[in-house]
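Q: For reference, the file upload.cif (mmCIF, C-alpha atoms and all ligand atoms) is included below:
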```cif
data_coords
loop_
_atom_site.label_atom_id
_atom_site.label_comp_id
_atom_site.auth_asym_id
_atom_site.auth_seq_id
_atom_site.Cartn_x
_atom_site.Cartn_y
_atom_site.Cartn_z
CA MET A 7 -97.10 -151.80 -27.99
CA ALA A 8 -93.74 -150.05 -27.57
CA GLN A 9 -93.75 -146.93 -25.43
CA ARG A 10 -93.83 -143.70 -27.44
CA VAL A 11 -91.09 -141.12 -26.95
CA PHE A 12 -90.89 -137.64 -28.43
CA SER A 13 -88.13 -135.07 -28.43
CA GLY A 14 -87.17 -131.97 -30.37
CA ILE A 15 -84.15 -129.87 -31.20
CA GLN A 16 -83.85 -126.35 -32.49
CA PRO A 17 -82.33 -126.06 -35.96
CA THR A 18 -80.44 -122.87 -35.17
CA GLY A 19 -76.67 -123.03 -35.05
CA THR A 20 -74.37 -125.99 -34.74
CA LEU A 21 -75.12 -129.31 -33.12
CA HIS A 22 -72.64 -129.49 -30.24
CA ILE A 23 -71.33 -132.35 -28.12
CA GLY A 24 -73.59 -131.22 -25.23
CA ASN A 25 -76.61 -131.86 -27.48
CA TYR A 26 -75.06 -135.10 -28.66
CA PHE A 27 -74.10 -136.63 -25.31
CA GLY A 28 -77.04 -135.14 -23.41
CA ALA A 29 -79.79 -135.94 -25.88
CA ILE A 30 -79.15 -137.24 -29.42
CA ARG A 31 -77.13 -140.28 -28.33
CA ASN A 32 -80.12 -141.32 -26.16
CA TRP A 33 -82.53 -140.56 -29.00
CA ALA A 34 -80.58 -143.04 -31.11
CA SER A 35 -80.45 -145.81 -28.51
CA LEU A 36 -84.16 -145.46 -27.65
CA GLN A 37 -84.95 -146.46 -31.24
CA GLU A 38 -84.10 -150.05 -30.28
CA ASP A 39 -87.24 -150.60 -28.27
CA HIS A 40 -89.42 -147.47 -28.44
CA ASP A 41 -91.77 -145.86 -30.88
CA CYS A 42 -89.74 -142.68 -31.51
CA ILE A 43 -90.80 -139.33 -32.91
CA TYR A 44 -88.08 -136.69 -33.30
CA CYS A 45 -88.72 -133.19 -34.45
CA ILE A 46 -86.69 -130.25 -35.72
CA VAL A 47 -88.47 -127.44 -33.95
CA ASP A 48 -88.39 -124.51 -36.37
CA TYR A 49 -91.41 -122.76 -34.78
CA HIS A 50 -89.28 -122.51 -31.65
CA ALA A 51 -86.38 -121.08 -33.62
CA ILE A 52 -88.36 -117.97 -34.64
CA THR A 53 -88.81 -116.90 -31.01
CA THR A 54 -85.56 -115.04 -31.62
CA GLU A 55 -84.65 -113.15 -34.79
CA ILE A 56 -83.40 -115.37 -37.57
CA ASP A 57 -83.08 -114.86 -41.33
CA PRO A 58 -85.76 -116.99 -43.10
CA GLN A 59 -83.27 -118.36 -45.67
CA VAL A 60 -80.87 -119.29 -42.91
CA LEU A 61 -83.62 -121.01 -40.95
CA ARG A 62 -84.78 -123.11 -43.92
CA ALA A 63 -81.24 -124.25 -44.67
CA ALA A 64 -80.58 -124.89 -40.98
CA SER A 65 -83.60 -127.20 -40.64
CA ARG A 66 -82.35 -129.33 -43.52
CA SER A 67 -78.84 -129.29 -42.13
CA MET A 68 -80.04 -130.38 -38.70
CA ALA A 69 -81.88 -133.32 -40.29
CA LEU A 70 -78.61 -134.40 -41.92
CA ASP A 71 -76.78 -134.04 -38.61
CA LEU A 72 -79.36 -136.13 -36.77
CA ILE A 73 -79.32 -138.92 -39.35
CA ALA A 74 -75.51 -138.91 -39.28
CA CYS A 75 -75.69 -139.24 -35.48
CA GLY A 76 -77.74 -142.41 -35.81
CA ILE A 77 -81.37 -141.30 -36.10
CA ASP A 78 -82.79 -143.89 -38.45
CA PRO A 79 -85.75 -142.69 -40.57
CA GLN A 80 -86.69 -146.31 -41.27
CA ARG A 81 -87.50 -146.86 -37.61
CA THR A 82 -88.26 -143.35 -36.44
CA ILE A 83 -90.47 -140.47 -37.48
CA LEU A 84 -88.18 -137.51 -38.22
CA PHE A 85 -89.79 -134.30 -39.39
CA THR A 86 -89.82 -130.51 -39.23
CA GLN A 87 -92.31 -129.02 -36.77
CA SER A 88 -93.91 -126.42 -39.06
CA ALA A 89 -94.87 -129.16 -41.55
CA VAL A 90 -97.44 -130.18 -38.92
CA PRO A 91 -99.29 -126.97 -37.95
CA GLU A 92 -101.35 -128.87 -35.36
CA HIS A 93 -98.41 -128.14 -33.03
CA ALA A 94 -99.32 -124.46 -33.11
CA GLU A 95 -103.04 -125.13 -32.72
CA LEU A 96 -102.54 -127.33 -29.67
CA ALA A 97 -100.16 -124.72 -28.20
CA TRP A 98 -102.99 -122.16 -28.30
CA ILE A 99 -105.41 -124.53 -26.56
CA LEU A 100 -102.83 -125.52 -23.94
CA GLY A 101 -101.93 -121.86 -23.44
CA CYS A 102 -105.46 -121.45 -22.12
CA VAL A 103 -104.80 -123.92 -19.31
CA THR A 104 -101.31 -122.61 -18.47
CA GLY A 105 -100.73 -120.17 -15.64
CA TYR A 106 -98.93 -116.89 -16.38
CA GLY A 107 -96.99 -117.37 -13.13
CA ASP A 108 -95.80 -120.80 -14.24
CA LEU A 109 -94.27 -119.31 -17.38
CA ALA A 110 -92.74 -116.37 -15.54
CA ARG A 111 -90.82 -118.81 -13.32
CA MET A 112 -89.02 -120.57 -16.20
CA ILE A 113 -85.26 -120.23 -15.77
CA GLN A 114 -84.59 -120.46 -19.49
CA PHE A 115 -86.92 -117.51 -20.17
CA LYS A 116 -85.12 -115.45 -17.54
CA ASP A 117 -81.73 -116.38 -19.02
CA LYS A 118 -82.70 -115.85 -22.65
CA SER A 119 -84.54 -112.58 -22.09
CA ALA A 120 -81.91 -111.02 -19.84
CA GLY A 121 -80.43 -107.89 -21.37
CA LYS A 122 -82.58 -108.09 -24.54
CA LYS A 123 -84.20 -104.91 -25.89
CA PHE A 124 -87.08 -106.81 -27.48
CA ILE A 125 -88.54 -109.87 -25.79
CA SER A 126 -91.13 -111.64 -27.90
CA ALA A 127 -94.27 -113.13 -26.42
CA GLY A 128 -93.22 -116.25 -28.34
CA LEU A 129 -90.13 -116.57 -26.16
CA PHE A 130 -92.35 -116.30 -23.08
CA ILE A 131 -94.81 -118.99 -24.22
CA TYR A 132 -92.10 -121.24 -25.67
CA PRO A 133 -92.66 -123.91 -22.96
CA VAL A 134 -96.36 -124.13 -23.95
CA LEU A 135 -95.38 -124.92 -27.53
CA GLN A 136 -92.94 -127.45 -26.13
CA ALA A 137 -95.75 -129.06 -24.11
CA ALA A 138 -97.89 -129.12 -27.28
CA ASP A 139 -95.07 -130.82 -29.23
CA ILE A 140 -94.96 -133.66 -26.72
CA LEU A 141 -98.65 -133.97 -25.88
CA LEU A 142 -99.77 -133.85 -29.52
CA TYR A 143 -98.33 -137.37 -29.85
CA ARG A 144 -99.39 -138.39 -26.33
CA ALA A 145 -95.75 -139.36 -25.71
CA ALA A 146 -94.92 -141.16 -22.48
CA GLY A 147 -91.22 -140.27 -22.38
CA VAL A 148 -89.03 -137.37 -23.46
CA PRO A 149 -85.25 -137.83 -23.74
CA VAL A 150 -83.67 -134.49 -22.78
CA GLY A 151 -80.66 -132.90 -21.16
CA GLU A 152 -80.92 -131.51 -17.63
CA ASP A 153 -81.68 -127.94 -18.79
CA GLN A 154 -85.05 -129.09 -20.11
CA VAL A 155 -86.29 -130.84 -16.97
CA GLN A 156 -88.06 -127.74 -15.63
CA HIS A 157 -89.90 -127.29 -18.94
CA LEU A 158 -90.93 -130.90 -18.87
CA GLU A 159 -92.29 -130.55 -15.37
CA LEU A 160 -94.44 -127.73 -16.75
CA SER A 161 -95.61 -129.98 -19.61
CA ARG A 162 -96.75 -132.48 -16.99
CA ARG A 163 -98.62 -129.76 -15.13
CA ILE A 164 -100.26 -128.54 -18.35
CA ALA A 165 -101.36 -132.12 -19.14
CA ARG A 166 -102.91 -132.40 -15.66
CA ARG A 167 -104.72 -129.07 -16.06
CA PHE A 168 -106.11 -130.03 -19.47
CA ASN A 169 -107.25 -133.41 -18.13
CA ALA A 170 -108.87 -131.81 -15.08
CA ARG A 171 -110.75 -129.24 -17.18
CA PHE A 172 -111.77 -131.27 -20.24
CA GLY A 173 -111.41 -134.92 -19.23
CA GLU A 174 -108.61 -137.48 -19.10
CA PHE A 175 -106.69 -137.50 -22.39
CA PHE A 176 -102.99 -136.72 -22.09
CA PRO A 177 -100.48 -138.96 -20.31
CA GLU A 178 -98.02 -137.06 -18.11
CA PRO A 179 -94.72 -137.32 -20.01
CA GLU A 180 -91.69 -138.51 -18.04
CA PRO A 181 -88.22 -137.07 -18.65
CA ILE A 182 -85.61 -139.59 -19.79
CA VAL A 183 -82.35 -138.12 -18.55
CA GLY A 184 -79.22 -140.19 -19.11
CA LYS A 185 -75.51 -139.74 -18.45
CA GLY A 186 -74.01 -136.58 -19.97
CA ALA A 187 -77.15 -134.60 -19.27
CA ARG A 188 -75.17 -131.47 -18.44
CA ILE A 189 -71.95 -131.03 -20.38
CA MET A 190 -70.24 -127.82 -19.38
CA SER A 191 -68.44 -125.21 -21.47
CA LEU A 192 -64.73 -125.97 -21.86
CA ALA A 193 -63.89 -122.25 -21.73
CA ASP A 194 -65.98 -121.65 -18.61
CA PRO A 195 -66.91 -124.91 -16.88
CA THR A 196 -69.27 -123.12 -14.50
CA ILE A 197 -71.78 -122.66 -17.35
CA LYS A 198 -73.51 -125.25 -19.54
CA MET A 199 -72.09 -125.90 -23.00
CA SER A 200 -74.36 -123.92 -25.29
CA LYS A 201 -74.35 -122.20 -28.65
CA SER A 202 -75.62 -118.90 -27.38
CA ALA A 203 -72.63 -118.46 -25.04
CA GLY A 204 -70.41 -118.14 -28.15
CA GLU A 205 -68.11 -120.30 -30.22
CA ALA A 206 -65.44 -120.71 -27.57
CA HIS A 207 -67.98 -122.40 -25.32
CA TYR A 208 -68.93 -125.39 -27.41
CA ILE A 209 -67.45 -128.14 -29.55
CA GLY A 210 -69.47 -128.77 -32.69
CA VAL A 211 -70.13 -132.38 -33.65
CA MET A 212 -69.02 -131.55 -37.22
CA GLU A 213 -66.31 -129.06 -36.23
CA ASP A 214 -62.92 -129.07 -37.86
CA GLU A 215 -60.45 -131.36 -36.05
CA ARG A 216 -57.81 -128.68 -35.58
CA SER A 217 -60.29 -126.34 -34.04
CA ILE A 218 -61.50 -129.07 -31.64
CA ARG A 219 -57.91 -129.81 -30.65
CA GLY A 220 -57.33 -126.13 -29.93
CA LYS A 221 -60.46 -125.85 -27.77
CA ILE A 222 -59.59 -128.96 -25.76
CA ARG A 223 -55.98 -127.83 -25.31
CA SER A 224 -57.10 -124.49 -23.94
CA ALA A 225 -59.89 -125.96 -21.78
CA VAL A 226 -59.95 -124.45 -18.30
CA THR A 227 -58.65 -126.86 -15.64
CA ASP A 228 -56.83 -125.74 -12.48
CA ILE A 229 -53.27 -125.51 -11.26
CA GLY A 230 -53.04 -129.14 -10.14
CA LEU A 231 -54.33 -130.67 -6.96
CA GLU A 232 -53.11 -132.63 -4.01
CA PRO A 233 -53.87 -136.38 -3.95
CA GLY A 234 -57.43 -137.11 -2.82
CA THR A 235 -58.75 -133.59 -3.48
CA THR A 236 -62.09 -133.14 -5.28
CA MET A 237 -61.99 -132.44 -8.99
CA SER A 238 -62.45 -128.87 -10.18
CA PRO A 239 -65.45 -128.39 -12.54
CA GLY A 240 -63.21 -128.12 -15.63
CA VAL A 241 -61.34 -131.36 -14.91
CA ALA A 242 -64.57 -133.18 -14.02
CA ASN A 243 -66.07 -132.03 -17.32
CA LEU A 244 -63.10 -133.33 -19.31
CA PHE A 245 -63.37 -136.66 -17.49
CA GLU A 246 -67.07 -136.77 -18.29
CA VAL A 247 -66.43 -136.29 -22.02
CA LEU A 248 -63.70 -138.95 -21.86
CA ASP A 249 -65.96 -141.35 -20.01
CA LEU A 250 -68.91 -140.83 -22.39
CA SER A 251 -66.71 -141.24 -25.45
CA GLY A 252 -65.12 -144.37 -23.93
CA GLU A 253 -68.57 -145.80 -23.26
CA LEU A 254 -69.56 -145.36 -26.90
CA LEU A 255 -66.27 -146.85 -28.06
CA GLY A 256 -66.63 -149.78 -25.63
CA ASP A 257 -63.35 -148.99 -23.85
CA GLN A 258 -63.20 -147.06 -20.61
CA SER A 259 -59.74 -148.24 -19.58
CA ILE A 260 -58.06 -144.88 -20.42
CA ALA A 261 -60.59 -142.96 -18.32
CA ALA A 262 -60.07 -145.38 -15.41
CA GLU A 263 -56.28 -145.16 -15.70
CA LEU A 264 -56.23 -141.35 -15.79
CA CYS A 265 -58.72 -141.18 -12.94
CA SER A 266 -56.45 -143.22 -10.72
CA GLU A 267 -53.52 -140.96 -11.72
CA PHE A 268 -55.68 -138.02 -10.67
CA GLN A 269 -56.46 -139.62 -7.32
CA SER A 270 -52.78 -140.17 -6.60
CA GLY A 271 -51.98 -136.57 -7.62
CA LYS A 272 -49.90 -137.67 -10.63
CA LEU A 273 -52.15 -136.69 -13.50
CA MET A 274 -50.75 -134.31 -16.09
CA TYR A 275 -53.63 -132.36 -17.56
CA SER A 276 -51.97 -132.31 -20.97
CA HIS A 277 -52.30 -136.14 -21.00
CA LEU A 278 -55.94 -135.89 -20.00
CA LYS A 279 -56.59 -133.38 -22.78
CA ASP A 280 -54.81 -135.54 -25.38
CA ALA A 281 -56.90 -138.55 -24.30
CA VAL A 282 -60.13 -136.54 -24.47
CA PHE A 283 -59.25 -135.33 -27.95
CA GLU A 284 -58.33 -138.82 -29.25
CA SER A 285 -61.43 -140.52 -27.82
CA LEU A 286 -63.80 -137.77 -28.84
CA MET A 287 -62.47 -137.77 -32.39
CA GLN A 288 -62.98 -141.53 -32.61
CA VAL A 289 -66.65 -140.84 -31.86
CA LEU A 290 -67.00 -137.78 -34.09
CA ARG A 291 -65.03 -138.83 -37.19
CA PRO A 292 -67.48 -141.53 -38.38
CA ILE A 293 -70.39 -139.14 -37.75
CA GLY A 294 -68.70 -136.51 -39.95
CA GLU A 295 -68.09 -139.10 -42.67
CA ARG A 296 -71.72 -140.21 -42.67
CA ARG A 297 -72.77 -136.56 -42.78
CA ARG A 298 -70.68 -135.94 -45.90
CA GLU A 299 -72.12 -139.01 -47.63
CA LEU A 300 -75.68 -137.95 -46.81
CA GLU A 301 -75.12 -134.41 -48.02
CA THR A 302 -74.43 -135.66 -51.53
CA SER A 303 -77.16 -138.33 -51.56
CA GLY A 304 -79.97 -135.75 -51.61
CA ILE A 305 -82.46 -137.95 -49.73
CA VAL A 306 -83.12 -135.67 -46.80
CA GLU A 307 -86.10 -133.81 -48.33
CA ASP A 308 -87.90 -137.13 -48.94
CA ILE A 309 -87.14 -138.31 -45.43
CA LEU A 310 -88.57 -135.15 -43.90
CA ARG A 311 -91.64 -135.23 -46.16
CA GLU A 312 -92.39 -138.84 -45.29
CA GLY A 313 -91.77 -138.16 -41.61
CA ALA A 314 -94.18 -135.22 -41.66
CA ASP A 315 -96.84 -137.34 -43.40
CA LYS A 316 -96.63 -139.95 -40.66
CA ALA A 317 -96.56 -137.37 -37.86
CA ARG A 318 -99.57 -135.55 -39.34
CA VAL A 319 -101.73 -138.68 -39.18
CA ILE A 320 -101.18 -139.00 -35.42
CA ALA A 321 -101.41 -135.24 -34.87
CA ARG A 322 -104.74 -134.92 -36.73
CA GLU A 323 -106.31 -137.79 -34.85
CA ASN A 324 -105.34 -136.31 -31.49
CA ILE A 325 -106.20 -132.70 -32.30
CA THR A 326 -109.64 -133.79 -33.48
CA LYS A 327 -110.21 -135.44 -30.11
CA VAL A 328 -108.92 -132.34 -28.31
CA ARG A 329 -111.26 -130.11 -30.34
CA GLU A 330 -114.19 -132.34 -29.43
CA MET A 331 -113.29 -132.28 -25.75
CA ALA A 332 -112.79 -128.49 -25.68
CA GLY A 333 -116.09 -127.75 -27.46
CA LEU A 334 -114.42 -126.44 -30.63
CA VAL A 335 -115.56 -127.01 -34.19
CA VAL A 336 -114.77 -130.50 -35.47
CA GLY A 337 -114.58 -131.42 -39.16
N1 LIG B 1 -74.71 -128.66 -22.39
C1 LIG B 1 -75.60 -129.62 -22.56
N2 LIG B 1 -75.44 -130.81 -21.96
C2 LIG B 1 -76.35 -131.80 -22.14
N3 LIG B 1 -77.47 -131.67 -22.89
C3 LIG B 1 -77.67 -130.49 -23.51
N4 LIG B 1 -78.65 -130.05 -24.32
C4 LIG B 1 -78.39 -128.77 -24.68
N5 LIG B 1 -77.23 -128.37 -24.10
C5 LIG B 1 -76.76 -129.42 -23.37
C6 LIG B 1 -79.80 -130.84 -24.74
O1 LIG B 1 -79.83 -130.87 -26.15
C7 LIG B 1 -81.20 -131.02 -26.58
C8 LIG B 1 -81.52 -130.02 -27.65
O2 LIG B 1 -81.69 -128.78 -27.00
P1 LIG B 1 -82.07 -127.44 -27.65
O3 LIG B 1 -82.92 -127.55 -28.83
O4 LIG B 1 -82.45 -126.52 -26.52
O5 LIG B 1 -80.66 -127.18 -28.11
P2 LIG B 1 -80.01 -125.95 -28.23
O6 LIG B 1 -80.94 -124.79 -28.22
O7 LIG B 1 -79.25 -126.30 -29.43
O8 LIG B 1 -79.09 -125.95 -26.94
P3 LIG B 1 -78.15 -124.81 -26.61
O9 LIG B 1 -76.84 -124.92 -27.25
O10 LIG B 1 -78.17 -124.74 -25.13
O11 LIG B 1 -78.82 -123.59 -27.28
P4 LIG B 1 -78.99 -122.20 -26.68
O12 LIG B 1 -77.64 -121.73 -26.31
O13 LIG B 1 -79.60 -121.44 -27.81
O14 LIG B 1 -79.88 -122.36 -25.50
C9 LIG B 1 -82.07 -130.81 -25.34
O15 LIG B 1 -82.54 -132.06 -24.89
C10 LIG B 1 -81.12 -130.21 -24.34
O16 LIG B 1 -81.46 -130.56 -23.02
#
```
Using structure tokens, write down the structure that the file contains.
Ligand code: AQP

A:
Amino acid sequence: MAQRVFSGIQPTGTLHIGNYFGAIRNWASLQEDHDCIYCIVDYHAITTEIDPQVLRAASRSMALDLIACGIDPQRTILFTQSAVPEHAELAWILGCVTGYGDLARMIQFKDKSAGKKFISAGLFIYPVLQAADILLYRAAGVPVGEDQVQHLELSRRIARRFNARFGEFFPEPEPIVGKGARIMSLADPTIKMSKSAGEAHYIGVMEDERSIRGKIRSAVTDIGLEPGTTMSPGVANLFEVLDLSGELLGDQSIAAELCSEFQSGKLMYSHLKDAVFESLMQVLRPIGERRRELETSGIVEDILREGADKARVIARENITKVREMAGLVVG
């Protein structure tokens, strides 16, 4: 039987090229030879304040984005997390085998709570819900970007603790981290590309072409380097986007050519930026076109409903077993 993989994405905000290169592209290629379950994690989205109408629309919109990026509902289970409430039930049970200290150490919690007046308990226990998402399907692998590796390590620890206390049941999920696992902000290449840093810091997969051109043109580089010097973070990031786009397009000759110009100290950054823009748009344009077609086809609700039905069957079977093992009421 094919190995099962699970991964999730928050529906809030725009899907950006960090999400795409770091995660979604791998989600799509794993469909070739894995049993894939992908989830739009709306329970996670309410850890911070969000308008309910906006959230509902965003979950649907994220489903469209994912399908446009190559997630194939014929081969893959695609659904919205809250349609399968067993996620929340398992999170409670796993919360009882998770150490407070483990959660307090999570870098993302420290980052996301910094400077906030109100910090919800939900934000603190977010990694437990994440562990529940994965373990509910007893997934063996989780395709993620680098920022999620620490959370996944905690999921492994939680699985071990559950198994030690109640008996062997959960496999320890392995991270699947590919190339592009940490795309940096173009405006500040010392920080990861992310939505919460603000619009200048990310390129949306569906963003308007002119706006993308502007962001790439104004990407931070450096003042030019001597031959043989190491790349600055901004230049390295542009090369990474060029390389990843070239890989998808099956042509990395431009990246190789510009890299050798860099090594000999002859590279003009305006040429690099033009090449990044052209290659990236060749990747993004067809995704945008598919997205527009899907929007009008009106099939997304059915896809999500069917996905949730399939996910629920697996989730119910596993939660029943967990209830039995933990001494809770069954049936
Ligand atoms: N910059 C990135 N480079 C590579 N991979 C990334 N991922 C996120 N940022 C990068 C990966 O995308 C997947 C979905 O993650 P998520 O649900 O945490 O996405 P997000 O919340 O949309 O990511 P952001 O933009 O970073 O959101 P904020 O700013 O709200 O925290 C994950 O596999 C993640 O690793």

Q: List all protein, DNA and RNA residues that have any atom at most 6 Å from ligand LIG 1 (chain B), counting all atoms listed in the file, and write the list as a list in words.

A: Ile15, Gln16, Gly24, Asn25, Gly28, Ala29, Val150, Gly151, Glu152, Asp153, Gln154, Gly186, Ala187, Arg188, Ile189, Met190, Lys198, Met199, Ser200, Lys201 and Ser202 of chain A

Q: Rounded to one decimal, what separation in Å do you get between CA of Ile43 in chain A and CA of Lys327 in chain A?

A: 20.0 Å

Q: Can you pull out every residue within 9 Å of Ala97 in chain A, counting all atoms listed in the file, but drop anything in the same chain fewer than 6 positions away, and send it as a PyMOL selection string?

A: chain A and resi 131+134-139

Q: Skipping near chain neighbours, those fewer than 4 positions away, what residues fall within 12 Å of Gly252 in chain A using all atoms listed in the file, listed as a PyMOL selection string?

A: chain A and resi 27+245-248+256-262+281-289

Q: Which residues of range 43-113 of chain A sit at most 12 Å from range 210-219 of chain A, using all atoms listed in the file? Give each one's shortest atom pair and distance in Å (one decimal place), in chain and ascending residue order, as CSV.

A:
```
residue,atom,partner,partner_atom,distance
A:Ser67,CA,A:Met212,CA,11.2
A:Met68,CA,A:Met212,CA,11.2
A:Leu70,CA,A:Met212,CA,11.1
A:Asp71,CA,A:Met212,CA,8.3
A:Leu72,CA,A:Val211,CA,10.4
A:Ala74,CA,A:Met212,CA,10.0
A:Cys75,CA,A:Val211,CA,9.0
```

Q: Any chance you could export the current selection's C-alpha atoms as a PDB file, in the frame of the given file?

A:
```
ATOM      1  CA  SER A  67     -78.840-129.290 -42.130  1.00  0.00           C
ATOM      2  CA  MET A  68     -80.040-130.380 -38.700  1.00  0.00           C
ATOM      3  CA  LEU A  70     -78.610-134.400 -41.920  1.00  0.00           C
ATOM      4  CA  ASP A  71     -76.780-134.040 -38.610  1.00  0.00           C
ATOM      5  CA  LEU A  72     -79.360-136.130 -36.770  1.00  0.00           C
ATOM      6  CA  ALA A  74     -75.510-138.910 -39.280  1.00  0.00           C
ATOM      7  CA  CYS A  75     -75.690-139.240 -35.480  1.00  0.00           C
TER       8      CYS A  75
END
```

Q: Hey, can you check how far CA of His277 in chain A sits from CA of Thr196 in chain A?

A: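 CA of His277 in chain A sits 22.4 Å away from CA of Thr196 in chain A.
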
Q: State, in Å with one decimal place, the distance from CA of Thr227 in chain A to CA of Gly240 in chain A.

A: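 Between these atoms lies a distance of 4.7 Å.
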
Q: Name the residues, using the chain letters and numbers of the file, that sit within 12 Å of (-111.4, -131.1, -28.2) when counting all atoms listed in the file, and give them as a PyMOL selection string.

A: chain A and resi 95-96+99-100+168-169+171-176+322-337

Q: Hey, which of A:Leu310, A:Ile305, A:Ala317, A:Leu142 ends up closest to Ala94 in chain A? Count only C-alpha atoms.

A: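 Closest candidate: A:Leu142.
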
Q: Around (-91.3, -139.8, -20.5) in the file's own coordinates, what residues are found within 7 Å if you use all atoms listed in the file, given back as a ChimeraX atom specification?

A: /A:11,145-148,179-182

Q: Please produce an output containing C-alpha atoms for each residue in the selection, written as an mmCIF file, in the frame of the given file.

A:
```cif
data_model
loop_
_atom_site.group_PDB
_atom_site.id
_atom_site.type_symbol
_atom_site.label_atom_id
_atom_site.label_comp_id
_atom_site.auth_asym_id
_atom_site.auth_seq_id
_atom_site.Cartn_x
_atom_site.Cartn_y
_atom_site.Cartn_z
ATOM 1 C CA VAL A 11 -91.090 -141.120 -26.950
ATOM 2 C CA ALA A 145 -95.750 -139.360 -25.710
ATOM 3 C CA ALA A 146 -94.920 -141.160 -22.480
ATOM 4 C CA GLY A 147 -91.220 -140.270 -22.380
ATOM 5 C CA VAL A 148 -89.030 -137.370 -23.460
ATOM 6 C CA PRO A 179 -94.720 -137.320 -20.010
ATOM 7 C CA GLU A 180 -91.690 -138.510 -18.040
ATOM 8 C CA PRO A 181 -88.220 -137.070 -18.650
ATOM 9 C CA ILE A 182 -85.610 -139.590 -19.790
#
```

Q: For range 117-125 of chain A, list every protein, DNA or RNA residue within 10 Å, evaluated using all atoms listed in the file, and leave out those in the same chain fewer than 6 positions away; present the list as a PyMOL selection string.

A: chain A and resi 53-55+202

Q: Taking only C-alpha atoms into account, which of A:Ala89, A:Ala8, A:Gln59, A:Asp39 comes nearest Asp315 in chain A?

A: A:Ala89

Q: Using all atoms listed in the file, which residue out of A:Ile197, A:Met237, A:Ile293, A:Leu250 lies closest to Gln269 in chain A?

A: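 Closest to Gln269 in chain A, using all atoms listed in the file: A:Met237.
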
Q: Would you mind putting N, CA and C atoms back on range 107-118 of chain A and writing the result as a short mmCIF file (atom, residue, chain, number, x, y, z; two decimals), keeping the file's coordinate frame?

A:
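Generated output (rebuild06.cif):
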```
data_model
loop_
_atom_site.label_atom_id
_atom_site.label_comp_id
_atom_site.auth_asym_id
_atom_site.auth_seq_id
_atom_site.Cartn_x
_atom_site.Cartn_y
_atom_site.Cartn_z
N GLY A 107 -98.06 -117.25 -14.15
CA GLY A 107 -96.99 -117.37 -13.13
C GLY A 107 -96.06 -118.53 -13.41
N ASP A 108 -96.63 -119.63 -13.92
CA ASP A 108 -95.80 -120.80 -14.24
C ASP A 108 -94.76 -120.44 -15.29
N LEU A 109 -95.20 -119.68 -16.30
CA LEU A 109 -94.27 -119.31 -17.38
C LEU A 109 -93.22 -118.31 -16.88
N ALA A 110 -93.65 -117.40 -16.03
CA ALA A 110 -92.74 -116.37 -15.54
C ALA A 110 -91.61 -116.98 -14.69
N ARG A 111 -91.84 -118.17 -14.15
CA ARG A 111 -90.82 -118.81 -13.32
C ARG A 111 -89.76 -119.57 -14.11
N MET A 112 -89.94 -119.72 -15.41
CA MET A 112 -89.02 -120.57 -16.20
C MET A 112 -87.62 -119.96 -16.27
N ILE A 113 -86.65 -120.72 -15.82
CA ILE A 113 -85.26 -120.23 -15.77
C ILE A 113 -84.76 -119.87 -17.16
N GLN A 114 -85.10 -120.72 -18.15
CA GLN A 114 -84.59 -120.46 -19.49
C GLN A 114 -85.12 -119.13 -20.05
N PHE A 115 -86.37 -118.79 -19.71
CA PHE A 115 -86.92 -117.51 -20.17
C PHE A 115 -86.14 -116.37 -19.52
N LYS A 116 -85.88 -116.51 -18.23
CA LYS A 116 -85.12 -115.45 -17.54
C LYS A 116 -83.75 -115.29 -18.17
N ASP A 117 -83.08 -116.43 -18.42
CA ASP A 117 -81.73 -116.38 -19.02
C ASP A 117 -81.77 -115.77 -20.41
N LYS A 118 -82.71 -116.27 -21.24
CA LYS A 118 -82.70 -115.85 -22.65
C LYS A 118 -83.23 -114.44 -22.86
#
```
